[in-house]
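Participant: Contents of run-v1.txt (compact mmCIF, C-alpha atoms) are below:
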```txt
# COMPACT_ATOMS: atom_id res chain seq x y z
CA MET D 1 -16.88 15.02 33.53
CA SER D 2 -16.43 13.90 29.93
CA LEU D 3 -13.20 12.21 28.91
CA PHE D 4 -13.32 14.27 25.71
CA ASP D 5 -12.46 17.88 25.05
CA THR D 6 -15.84 18.71 23.57
CA ARG D 7 -14.66 22.19 22.66
CA VAL D 8 -12.77 20.56 19.76
CA PRO D 9 -15.08 19.53 16.91
CA ALA D 10 -14.41 16.71 14.45
CA VAL D 11 -14.48 17.03 10.66
CA LEU D 12 -15.07 13.85 8.64
CA LEU D 13 -13.86 14.01 5.04
CA ARG D 14 -15.11 11.61 2.39
CA ILE D 15 -14.52 12.17 -1.33
CA ASP D 16 -15.82 8.86 -2.67
CA ARG D 17 -19.53 9.34 -3.41
CA ASN D 18 -20.89 6.16 -1.89
CA PRO D 19 -24.26 6.67 -0.14
CA PHE D 20 -23.94 3.28 1.57
CA HIS D 21 -20.64 3.96 3.37
CA HIS D 22 -21.57 2.85 6.88
CA GLY D 23 -18.12 3.68 8.25
CA THR D 24 -18.92 7.37 8.00
CA LEU D 25 -22.09 6.84 10.03
CA GLY D 26 -20.08 4.85 12.58
CA ALA D 27 -17.68 7.76 13.08
CA VAL D 28 -20.54 10.26 13.33
CA ARG D 29 -22.21 8.21 16.07
CA SER D 30 -19.01 7.37 17.93
CA LEU D 31 -17.94 10.98 18.38
CA GLY D 32 -21.44 12.45 18.56
CA ARG D 33 -22.34 10.20 21.48
CA ALA D 34 -19.24 11.49 23.26
CA GLY D 35 -20.55 15.04 22.99
CA VAL D 36 -18.25 16.11 20.14
CA ASP D 37 -19.68 18.31 17.36
CA VAL D 38 -19.36 16.31 14.11
CA HIS D 39 -19.11 18.06 10.74
CA VAL D 40 -19.36 15.90 7.61
CA VAL D 41 -17.65 16.96 4.38
CA ALA D 42 -19.13 14.40 2.00
CA ASP D 43 -21.74 13.90 -0.66
CA ALA D 44 -24.32 12.86 1.92
CA GLY D 45 -27.38 14.59 0.47
CA LYS D 46 -28.92 11.24 -0.48
CA SER D 47 -27.16 9.12 2.13
CA PRO D 48 -28.75 7.81 5.35
CA VAL D 49 -25.88 9.54 7.17
CA ARG D 50 -27.60 12.90 6.71
CA THR D 51 -30.49 11.76 8.92
CA SER D 52 -28.35 10.98 11.97
CA ARG D 53 -29.14 13.14 14.97
CA PHE D 54 -25.41 13.24 15.73
CA VAL D 55 -24.50 15.21 12.58
CA THR D 56 -23.86 18.84 13.50
CA GLU D 57 -23.58 20.13 9.93
CA LEU D 58 -23.10 18.84 6.38
CA HIS D 59 -20.61 20.61 4.11
CA THR D 60 -20.19 20.43 0.33
CA PRO D 61 -17.35 17.99 -0.50
CA PRO D 62 -14.60 18.34 -3.10
CA ARG D 63 -15.53 17.07 -6.55
CA PRO D 64 -14.42 13.53 -7.48
CA GLY D 65 -10.90 13.61 -8.88
CA ALA D 66 -10.09 16.91 -7.15
CA SER D 67 -6.41 17.68 -6.65
CA PRO D 68 -4.92 17.81 -3.14
CA ALA D 69 -4.77 21.61 -3.45
CA ASP D 70 -8.48 21.74 -4.32
CA ILE D 71 -9.30 19.48 -1.39
CA ALA D 72 -7.26 21.68 0.93
CA ALA D 73 -9.16 24.72 -0.35
CA VAL D 74 -12.49 23.10 0.54
CA LEU D 75 -11.21 22.21 4.00
CA ARG D 76 -9.95 25.75 4.58
CA GLY D 77 -13.46 26.96 3.84
CA VAL D 78 -14.86 24.58 6.45
CA ALA D 79 -12.21 25.70 8.94
CA ALA D 80 -13.19 29.32 8.40
CA ARG D 81 -16.80 28.47 9.29
CA LEU D 82 -15.73 26.65 12.45
CA ALA D 83 -13.30 29.38 13.54
CA ARG D 84 -11.51 26.95 15.87
CA PRO D 85 -9.15 23.99 15.43
CA ALA D 86 -10.81 20.65 14.70
CA VAL D 87 -9.73 17.02 14.51
CA LEU D 88 -9.72 16.06 10.82
CA ILE D 89 -10.53 12.43 9.96
CA PRO D 90 -10.33 11.27 6.32
CA MET D 91 -12.73 8.39 5.74
CA ASP D 92 -11.37 7.17 2.37
CA ASP D 93 -7.96 6.71 0.77
CA ALA D 94 -8.28 9.70 -1.57
CA GLY D 95 -8.90 11.98 1.40
CA ALA D 96 -6.13 10.42 3.49
CA VAL D 97 -3.58 10.81 0.68
CA ALA D 98 -4.57 14.43 0.01
CA VAL D 99 -4.56 15.39 3.70
CA GLY D 100 -1.14 13.78 4.13
CA ARG D 101 0.32 15.72 1.21
CA MET D 102 -1.20 19.03 2.38
CA ARG D 103 -0.53 18.49 6.07
CA ALA D 104 1.70 21.54 6.54
CA GLU D 105 -0.95 23.79 5.03
CA LEU D 106 -3.81 22.27 7.03
CA THR D 107 -2.29 21.96 10.50
CA PRO D 108 -2.93 25.53 11.62
CA ALA D 109 -6.68 24.85 11.38
CA PHE D 110 -6.81 21.08 11.93
CA LEU D 111 -5.32 18.62 14.41
CA LEU D 112 -3.55 15.78 12.58
CA PRO D 113 -1.16 12.96 13.51
CA GLU D 114 2.48 13.95 13.06
CA GLN D 115 4.14 11.82 10.40
CA PRO D 116 5.77 12.21 6.96
CA GLY D 117 3.19 13.63 4.58
CA THR D 118 3.97 11.09 1.87
CA LEU D 119 3.51 8.06 4.12
CA PRO D 120 -0.28 7.67 3.66
CA GLN D 121 0.21 7.59 -0.10
CA ARG D 122 3.09 5.12 0.13
CA VAL D 123 1.11 2.58 2.13
CA ALA D 124 -2.14 3.08 0.18
CA ASP D 125 -0.33 2.59 -3.14
CA LYS D 126 -0.50 -1.18 -3.63
CA ALA D 127 2.67 -1.39 -5.70
CA GLU D 128 4.68 0.58 -3.13
CA LEU D 129 3.24 -1.53 -0.31
CA ALA D 130 4.40 -4.69 -2.10
CA ALA D 131 7.92 -3.25 -2.18
CA LEU D 132 7.78 -2.09 1.45
CA CYS D 133 6.69 -5.36 3.03
CA PRO D 134 9.92 -7.35 2.44
CA THR D 135 11.97 -4.53 3.98
CA VAL D 136 10.09 -4.85 7.28
CA ASP D 137 9.70 -8.66 7.22
CA VAL D 138 5.94 -8.68 6.69
CA PRO D 139 4.65 -11.47 4.40
CA HIS D 140 3.02 -10.26 1.19
CA PRO D 141 1.82 -12.22 -1.85
CA ARG D 142 4.40 -12.40 -4.63
CA THR D 143 3.75 -9.36 -6.83
CA LEU D 144 4.97 -8.24 -10.26
CA VAL D 145 4.51 -4.80 -11.85
CA PRO D 146 4.63 -5.19 -15.65
CA ASP D 147 5.90 -2.38 -17.85
CA SER D 148 4.33 -3.47 -21.15
CA PRO D 149 1.38 -5.52 -22.44
CA ALA D 150 3.69 -8.39 -23.34
CA GLU D 151 5.26 -8.29 -19.89
CA ALA D 152 1.78 -8.44 -18.33
CA SER D 153 1.11 -11.67 -20.23
CA ARG D 154 4.44 -13.15 -19.17
CA ALA D 155 3.94 -12.08 -15.55
CA ALA D 156 0.60 -13.86 -15.41
CA TRP D 157 2.25 -17.09 -16.54
CA ARG D 158 5.17 -16.65 -14.13
CA LEU D 159 2.89 -16.17 -11.11
CA GLY D 160 0.64 -19.05 -12.13
CA LEU D 161 -2.92 -18.53 -13.26
CA PRO D 162 -5.28 -17.40 -11.92
CA VAL D 163 -3.69 -14.21 -10.60
CA VAL D 164 -5.03 -11.14 -8.83
CA ALA D 165 -4.85 -7.88 -10.81
CA LYS D 166 -4.90 -4.60 -8.91
CA TRP D 167 -4.60 -0.95 -9.81
CA SER D 168 -1.84 0.60 -7.78
CA ARG D 169 -3.86 3.69 -6.79
CA PRO D 170 -7.52 2.65 -6.87
CA TRP D 171 -8.72 6.02 -5.60
CA LEU D 172 -7.85 7.42 -9.05
CA LEU D 173 -10.22 5.08 -10.93
CA PRO D 174 -12.84 7.06 -12.88
CA ALA D 175 -16.44 6.61 -11.78
CA GLY D 176 -18.59 4.70 -14.23
CA GLY D 177 -15.65 3.47 -16.29
CA GLY D 178 -16.25 -0.21 -15.59
CA LEU D 179 -12.85 -0.72 -13.99
CA ARG D 180 -12.67 -2.42 -10.60
CA SER D 181 -9.85 -1.92 -8.12
CA THR D 182 -9.22 -5.68 -7.85
CA VAL D 183 -10.14 -8.55 -10.17
CA VAL D 184 -9.12 -12.18 -10.62
CA VAL D 185 -7.46 -12.70 -14.02
CA ARG D 186 -7.71 -16.21 -15.48
CA SER D 187 -5.69 -15.90 -18.70
CA ALA D 188 -2.60 -14.13 -20.01
CA ARG D 189 -4.80 -12.41 -22.60
CA GLU D 190 -6.96 -10.89 -19.85
CA ALA D 191 -3.82 -9.56 -18.13
CA ARG D 192 -2.61 -8.01 -21.38
CA GLU D 193 -5.97 -6.37 -22.13
CA LEU D 194 -6.23 -5.00 -18.61
CA TYR D 195 -2.74 -3.48 -18.90
CA LEU D 196 -3.86 -1.58 -22.01
CA ARG D 197 -6.34 0.32 -19.82
CA ALA D 198 -3.68 1.71 -17.47
CA GLY D 199 -4.05 5.19 -18.93
CA GLU D 200 -7.75 5.11 -18.19
CA ALA D 201 -7.14 3.78 -14.67
CA GLY D 202 -4.65 6.52 -13.81
CA SER D 203 -2.09 4.24 -12.14
CA ARG D 204 0.05 1.16 -12.65
CA LEU D 205 -1.30 -2.37 -12.96
CA LEU D 206 0.17 -4.97 -10.67
CA LEU D 207 -0.29 -8.74 -10.78
CA GLN D 208 -0.27 -10.70 -7.58
CA GLU D 209 -0.08 -14.34 -6.57
CA PHE D 210 -3.55 -15.71 -5.90
CA LEU D 211 -4.08 -17.03 -2.38
CA PRO D 212 -7.28 -19.09 -2.46
CA PRO D 213 -10.03 -18.00 -0.08
CA GLY D 214 -11.40 -20.36 2.53
CA PRO D 215 -13.17 -20.47 5.89
CA GLU D 216 -11.65 -17.92 8.30
CA ARG D 217 -8.75 -17.07 6.01
CA ASP D 218 -9.61 -13.38 5.58
CA TRP D 219 -8.48 -11.25 8.51
CA PHE D 220 -8.31 -7.55 9.30
CA PHE D 221 -6.72 -5.39 11.96
CA HIS D 222 -7.91 -1.94 12.98
CA GLY D 223 -5.77 0.19 15.23
CA TYR D 224 -4.60 3.63 16.25
CA ALA D 225 -0.88 4.41 16.46
CA ASP D 226 -0.60 7.16 19.06
CA ARG D 227 1.85 10.07 19.24
CA GLY D 228 4.49 7.69 20.61
CA GLY D 229 3.88 5.04 17.97
CA VAL D 230 2.13 2.62 20.35
CA VAL D 231 -0.82 0.78 18.79
CA ARG D 232 -3.91 1.48 20.88
CA ALA D 233 -7.57 0.51 20.64
CA GLY D 234 -8.78 -1.74 17.82
CA GLY D 235 -7.93 -5.39 17.40
CA SER D 236 -7.94 -8.30 14.98
CA GLY D 237 -11.03 -9.77 13.36
CA VAL D 238 -12.03 -12.42 10.89
CA LYS D 239 -14.30 -11.85 7.91
CA LEU D 240 -17.14 -14.36 8.01
CA SER D 241 -18.90 -13.17 4.87
CA ALA D 242 -18.30 -10.51 2.25
CA TRP D 243 -20.15 -8.40 -0.29
CA PRO D 244 -19.84 -9.32 -3.13
CA ARG D 245 -19.66 -12.94 -1.98
CA GLY D 246 -16.14 -14.32 -1.79
CA ALA D 247 -14.53 -10.88 -2.15
CA GLY D 248 -15.15 -7.28 -1.29
CA LEU D 249 -16.05 -5.54 1.95
CA THR D 250 -16.91 -7.20 5.25
CA ALA D 251 -20.61 -8.03 5.52
CA VAL D 252 -20.20 -10.01 8.76
CA GLY D 253 -17.07 -9.88 10.93
CA ARG D 254 -16.10 -11.24 14.35
CA TRP D 255 -13.62 -9.88 16.89
CA THR D 256 -11.10 -12.70 17.14
CA PRO D 257 -7.75 -12.04 18.85
CA ASP D 258 -4.80 -13.38 16.86
CA PRO D 259 -1.24 -12.77 18.12
CA GLU D 260 0.31 -13.15 14.65
CA VAL D 261 -1.98 -10.57 13.06
CA ARG D 262 -1.36 -8.08 15.89
CA ALA D 263 2.40 -8.63 15.73
CA LEU D 264 2.44 -7.94 11.99
CA ALA D 265 0.35 -4.78 12.45
CA GLU D 266 2.66 -3.47 15.16
CA ARG D 267 5.74 -4.42 13.13
CA ILE D 268 4.82 -2.53 9.97
CA THR D 269 3.42 0.59 11.68
CA GLY D 270 6.43 0.75 14.00
CA ALA D 271 9.00 0.27 11.23
CA LEU D 272 7.41 2.93 9.03
CA GLY D 273 6.81 5.43 11.84
CA TYR D 274 3.10 5.50 11.03
CA ARG D 275 0.84 7.61 13.23
CA GLY D 276 -2.95 7.70 13.23
CA VAL D 277 -5.82 5.35 12.44
CA PHE D 278 -5.20 2.42 10.11
CA ASP D 279 -7.01 -0.61 8.68
CA LEU D 280 -5.06 -3.64 7.45
CA ASP D 281 -6.36 -6.58 5.39
CA PHE D 282 -4.73 -10.01 5.55
CA ARG D 283 -5.25 -13.41 3.96
CA ARG D 284 -3.97 -16.57 5.60
CA CYS D 285 -2.29 -19.02 3.22
CA GLY D 286 -4.06 -22.38 3.27
CA THR D 287 -0.75 -24.20 2.71
CA THR D 288 1.68 -22.47 5.08
CA GLY D 289 -0.78 -20.94 7.55
CA ARG D 290 1.05 -17.58 7.35
CA CYS D 291 -0.89 -14.33 7.16
CA HIS D 292 -0.04 -12.14 4.18
CA LEU D 293 -0.74 -8.40 4.20
CA LEU D 294 -2.95 -7.45 1.24
CA ASP D 295 -3.86 -3.81 1.90
CA PHE D 296 -2.88 -0.94 4.20
CA ASN D 297 -5.63 1.66 4.45
CA PRO D 298 -4.42 4.87 6.17
CA ARG D 299 -7.84 5.70 7.64
CA PRO D 300 -10.67 4.05 9.62
CA GLY D 301 -12.08 0.86 8.14
CA ALA D 302 -15.81 0.71 7.56
CA GLN D 303 -16.33 -1.85 10.37
CA PHE D 304 -14.11 -0.09 12.96
CA ARG D 305 -16.97 0.02 15.50
CA LEU D 306 -16.64 -3.75 15.87
CA PHE D 307 -13.63 -3.05 18.07
CA THR D 308 -15.36 -1.08 20.83
CA ASP D 309 -13.93 -2.20 24.16
CA THR D 310 -15.52 -2.28 27.62
CA ALA D 311 -14.53 1.39 28.17
CA GLY D 312 -16.29 2.44 24.95
CA LEU D 313 -12.98 3.15 23.20
CA ASP D 314 -12.61 2.67 19.44
CA VAL D 315 -9.97 3.91 17.01
CA VAL D 316 -11.81 7.14 16.12
CA ARG D 317 -12.31 8.07 19.76
CA ALA D 318 -8.66 7.20 20.44
CA LEU D 319 -7.60 9.63 17.71
CA HIS D 320 -9.65 12.50 19.14
CA LEU D 321 -8.50 11.87 22.71
CA ASP D 322 -4.83 11.58 21.76
CA LEU D 323 -4.73 14.66 19.51
CA THR D 324 -6.42 16.75 22.23
CA HIS D 325 -3.92 15.43 24.80
CA ARG D 326 -6.50 13.51 26.80
CA PRO D 327 -5.73 10.11 28.39
CA LEU D 328 -7.13 7.01 26.74
CA PRO D 329 -9.26 4.90 29.09
CA ASP D 330 -8.19 1.34 29.83
CA GLY D 331 -10.81 -1.12 28.64
CA ALA D 332 -10.87 -4.84 28.02
CA ALA D 333 -11.29 -6.51 24.64
CA ARG D 334 -14.63 -8.11 23.78
CA PRO D 335 -13.79 -11.27 21.79
CA GLY D 336 -16.69 -12.83 19.93
CA ARG D 337 -18.38 -9.49 19.31
CA MET D 338 -19.82 -9.31 15.79
CA PHE D 339 -20.36 -6.61 13.20
CA VAL D 340 -23.22 -6.99 10.71
CA VAL D 341 -24.06 -4.87 7.66
CA GLU D 342 -27.79 -5.42 7.46
CA ASN D 343 -28.32 -4.77 3.75
CA TYR D 344 -25.47 -7.11 2.77
CA ALA D 345 -26.24 -9.87 5.29
CA PRO D 346 -29.98 -9.70 6.08
CA LEU D 347 -30.26 -13.32 7.25
CA THR D 348 -27.42 -12.89 9.75
CA ALA D 349 -29.04 -9.69 10.93
CA LEU D 350 -32.19 -11.63 11.85
CA ARG D 351 -30.36 -14.21 13.93
CA ARG D 352 -29.88 -14.01 17.67
CA ALA D 353 -26.92 -11.92 18.78
CA PRO D 354 -23.84 -13.89 19.93
CA ASP D 355 -22.69 -13.83 23.56
CA GLY D 356 -20.07 -11.20 22.75
CA GLY D 357 -22.71 -8.79 21.48
CA ARG D 358 -23.36 -7.31 18.07
CA GLU D 359 -22.80 -3.95 16.36
CA TRP D 360 -25.14 -3.00 13.53
CA ALA D 361 -23.81 -0.94 10.64
CA TRP D 362 -27.03 1.08 10.28
CA TRP D 363 -29.46 0.40 13.10
CA ALA D 364 -29.10 1.99 16.54
CA ARG D 365 -31.68 2.42 19.28
CA ASP D 366 -30.54 5.97 19.98
CA ASP D 367 -30.33 6.96 16.30
CA ARG D 368 -33.04 5.14 14.36
CA ALA D 369 -33.52 7.42 11.35
CA PRO D 370 -30.44 6.24 9.37
CA GLY D 371 -31.55 2.61 9.62
CA TRP D 372 -34.98 3.37 8.20
CA ALA D 373 -33.50 5.64 5.52
CA MET D 374 -31.02 2.93 4.49
CA TRP D 375 -33.77 0.38 3.82
CA GLY D 376 -35.70 2.86 1.68
CA LEU D 377 -32.61 3.79 -0.31
CA TRP D 378 -31.47 0.16 -0.61
CA GLY D 379 -34.87 -0.91 -1.89
CA ARG D 380 -34.74 1.68 -4.66
CA HIS D 381 -31.14 0.71 -5.45
CA ALA D 382 -31.98 -3.01 -5.67
CA ALA D 383 -35.05 -2.35 -7.82
CA GLY D 384 -32.98 -0.23 -10.19
CA ARG D 385 -30.36 -2.98 -10.52
CA LEU D 386 -33.03 -5.59 -11.30
CA LEU D 387 -34.58 -3.29 -13.91
CA ASP D 388 -31.19 -2.69 -15.55
CA ARG D 389 -30.56 -6.46 -15.76
CA ALA D 390 -33.97 -7.05 -17.30
CA ARG D 391 -33.33 -4.37 -19.92
CA HIS D 392 -29.91 -5.85 -20.68
CA ARG D 393 -31.40 -9.32 -21.19
CA LEU D 394 -34.06 -7.92 -23.49
CA ARG D 395 -31.45 -6.14 -25.60
CA ALA D 396 -29.23 -9.23 -25.67
CA GLY D 397 -32.17 -11.41 -26.66
CA GLY D 398 -33.11 -9.04 -29.46
CA ALA D 399 -29.54 -8.96 -30.75
CA ALA D 400 -29.35 -12.77 -30.69
CA HIS D 401 -32.63 -12.97 -32.59
CA GLU D 402 -31.38 -10.62 -35.29
CA ARG D 403 -27.84 -12.02 -35.65
CA PRO D 404 -28.62 -15.08 -37.84
CA ARG D 405 -30.29 -12.91 -40.50
CA VAL D 406 -27.24 -10.61 -40.63
CA VAL D 407 -24.85 -13.56 -41.03
CA ARG D 408 -26.85 -15.07 -43.89
CA GLN D 409 -26.80 -11.74 -45.74
CA ALA D 410 -23.05 -11.27 -45.43
CA THR D 411 -20.54 -13.20 -47.53
CA ALA D 412 -17.51 -11.93 -45.58
CA PRO D 413 -16.86 -9.98 -42.39
CA SER D 414 -17.20 -6.24 -42.85
CA GLU D 415 -16.31 -3.19 -40.79
CA SER D 416 -19.89 -3.12 -39.51
CA SER D 417 -19.96 -6.75 -38.33
CA GLY D 418 -20.55 -7.48 -34.65
CA LEU D 419 -17.24 -9.29 -34.04
CA PRO D 420 -15.01 -6.33 -33.04
CA GLY D 421 -17.69 -5.03 -30.72
CA ASP D 422 -17.99 -8.42 -29.05
CA GLU D 423 -14.24 -8.48 -28.45
CA ARG D 424 -14.34 -5.07 -26.80
CA ALA D 425 -17.17 -6.19 -24.58
CA GLY D 426 -15.13 -9.16 -23.44
CA SER D 427 -12.27 -6.90 -22.33
CA ARG D 428 -14.39 -4.71 -20.03
```
Translate the structure of the given file into structure tokens.

Facilitator:
Amino acid sequence: MSLFDTRVPAVLLRIDRNPFHHGTLGAVRSLGRAGVDVHVVADAGKSPVRTSRFVTELHTPPRPGASPADIAAVLRGVAARLARPAVLIPMDDAGAVAVGRMRAELTPAFLLPEQPGTLPQRVADKAELAALCPTVDVPHPRTLVPDSPAEASRAAWRLGLPVVAKWSRPWLLPAGGGLRSTVVVRSAREARELYLRAGEAGSRLLLQEFLPPGPERDWFFHGYADRGGVVRAGGSGVKLSAWPRGAGLTAVGRWTPDPEVRALAERITGALGYRGVFDLDFRRCGTTGRCHLLDFNPRPGAQFRLFTDTAGLDVVRALHLDLTHRPLPDGAARPGRMFVVENYAPLTALRRAPDGGREWAWWARDDRAPGWAMWGLWGRHAAGRLLDRARHRLRAGGAAHERPRVVRQATAPSESSGLPGDERAGSR
């Protein structure tokens, strides 16, 4: 008999339109292999996820930037098609925040962890998280939230350059606007210019003390806080390589138990009364050795399948079992197990698997189509990027060739000179 109540389907919600989000595929496979019907509410028409044999049905997602009420309306439409309660799993911060705010409206049709509806937004908001950490004795990099361009410049100097600049609510960033959720700022002028784009970003700018990266300094913890607040499943891992290099998402990670990281995860989730799946990012200070919490993601992390124990339990399966009042099996941790995202770490993917085993982001023997589809899509993506760079260099070379003739013809700067445009380009 299955451990799972297979009469209860799962609905995965993803608003961010990223065709290469392997975490969604991981959740599809994890629950689909357990016999659960998996419905995906995401822009997966061009994603390898759509080819998985474990997808029961794809549903049209909310538009980017949709309000929580609009997202709830889309989910009610999905619920009407299912005609039975389902476990709802947001796969990105925008979805987690919206579902938390609309929890009372969604719970008749969906099974959700019971917690304050504003809590997912409070922990996902990077400025609020910085304020929360000292109250629960969790180390966090020193952070300042400027309230003017001049204050942004002063804050950068006070923290000591370089500093890390973050948008408080990165899920509100407009697509294609050139703004990144996190950047390293190396001058007070850069901090000031970034602050001036707060209206475009849709949330506050915060400046944070820079903790230098180094070997095995970037850690993460994935877990599930059950109905009683006990952290189940998951574990701590270390990021061995990232994409882009030196920052960004985990390209290669290793399951590495660390008592300090686990204690901090249990401390903050317990103090806040958090319930459900979570993904925490830490950086260990090279001077003090202490781990500082950088991010609290109120949903599954993309590499959550790394932490699959000997009983086959991961955080997504733990959520489904707990919300359907099924017991969670007791399994043992698998230290040394590795997670590899093939398109971001192809050389690592070709190496022999470690003794602890390896989890691929895309490839699976029992579900091969997404792996093949990913390589086709990635090849077209990479070729497009190379073509764009070549075009940019050609345009830049042409502009450089023309610029001396323009300067010789002009006796003084005019409104049509290239200088203002160059300054704007430097601030993007």

Participant: Just the number, please: distance in Å from atom CA of D:Glu200 to atom CA of D:Pro62, one decimal.

Facilitator: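 Value for the atom CA of D:Glu200-atom CA of D:Pro62 distance: 21.2 Å.
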
Participant: Which residues come within 10 Å of D:Pro329, counting all atoms listed in the file, excluding same-chain residues fewer than 5 positions away, as a VMD selection string?

Facilitator: chain D and resid 3 233 309 to 313 318 321

Participant: Between atom CA of D:Val164 and atom CA of D:Gly202, what distance in Å does the model show, to one decimal?

Facilitator: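 The value is 18.4 Å.
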
Participant: Taking only C-alpha atoms into account, which of D:Met374, D:Ala34, D:Ala271, D:Ala191 comes nearest D:Asn343?

Facilitator: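 Of D:Met374, D:Ala34, D:Ala271, D:Ala191, the one nearest D:Asn343 is D:Met374, counting only C-alpha atoms.
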
Participant: Mind running stretch 10-32 of chain D against stretch 167-185 of chain D at 12 Å and telling me each contacting residue's nearest atom pair with the distance in Å (one decimal), counting all atoms listed in the file, chain and number ascending, as CSV?

Facilitator:
```
residue,atom,partner,partner_atom,distance
D:Arg14,CA,D:Trp171,CA,11.7
D:Ile15,CA,D:Trp171,CA,9.5
D:Asp16,CA,D:Trp171,CA,8.2
D:Arg17,CA,D:Ala175,CA,9.3
D:Asn18,CA,D:Ala175,CA,10.9
```

Participant: Quick one: everything within 9 Å of D:Thr51, counting all atoms listed in the file, minus sequence neighbours fewer than 3 positions away in the same chain. Send it as a PyMOL selection string.

Facilitator: chain D and resi 47-48+54-55+367-370+373

Participant: Find the spatial neighbours of D:Ala79, counting only C-alpha atoms, within a cut-off of 8 Å - ignore same-chain residues fewer than 6 positions away - and output them as a list in words.

Facilitator: Pro85, Ala86, Ala109 and Phe110 of chain D

Participant: Neighbours of D:Arg299 within 7 Å (all atoms listed in the file; same-chain residues fewer than 6 positions away dropped), as a list in words?

Facilitator: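 Residues near the query, excluding close chain neighbours: Pro90, Met91, Asp92, Asp93, Ala96, Val277, Phe278 and Asp279 of chain D.
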
Participant: For a quick check of understanding, using only C-alpha atoms, which of D:Trp219, D:Tyr274, D:Trp243, D:Phe296 has the smallest distance to D:Lys126?

Facilitator: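 Smallest distance to D:Lys126 is found for D:Phe296.
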
Participant: How far is it from atom CA of D:Gly23 to atom CA of D:Gly301, in Å with one decimal?

Facilitator: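 It comes out at 6.7 Å.
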
Participant: Can you tell me which residues surround stretch 334-339 of chain D at a distance of at most 12 Å, considering only C-alpha atoms, apart from same-chain residues fewer than 2 positions away, and format the answer as JSON, numbers by chain?

Facilitator: {"D": [22, 23, 26, 233, 234, 235, 236, 237, 238, 239, 240, 241, 242, 250, 251, 252, 253, 254, 255, 256, 257, 258, 302, 303, 304, 305, 306, 307, 308, 309, 310, 311, 312, 313, 314, 331, 332, 341, 342, 344, 345, 348, 349, 351, 352, 353, 354, 355, 356, 357, 358, 359, 360, 361, 362, 363]}
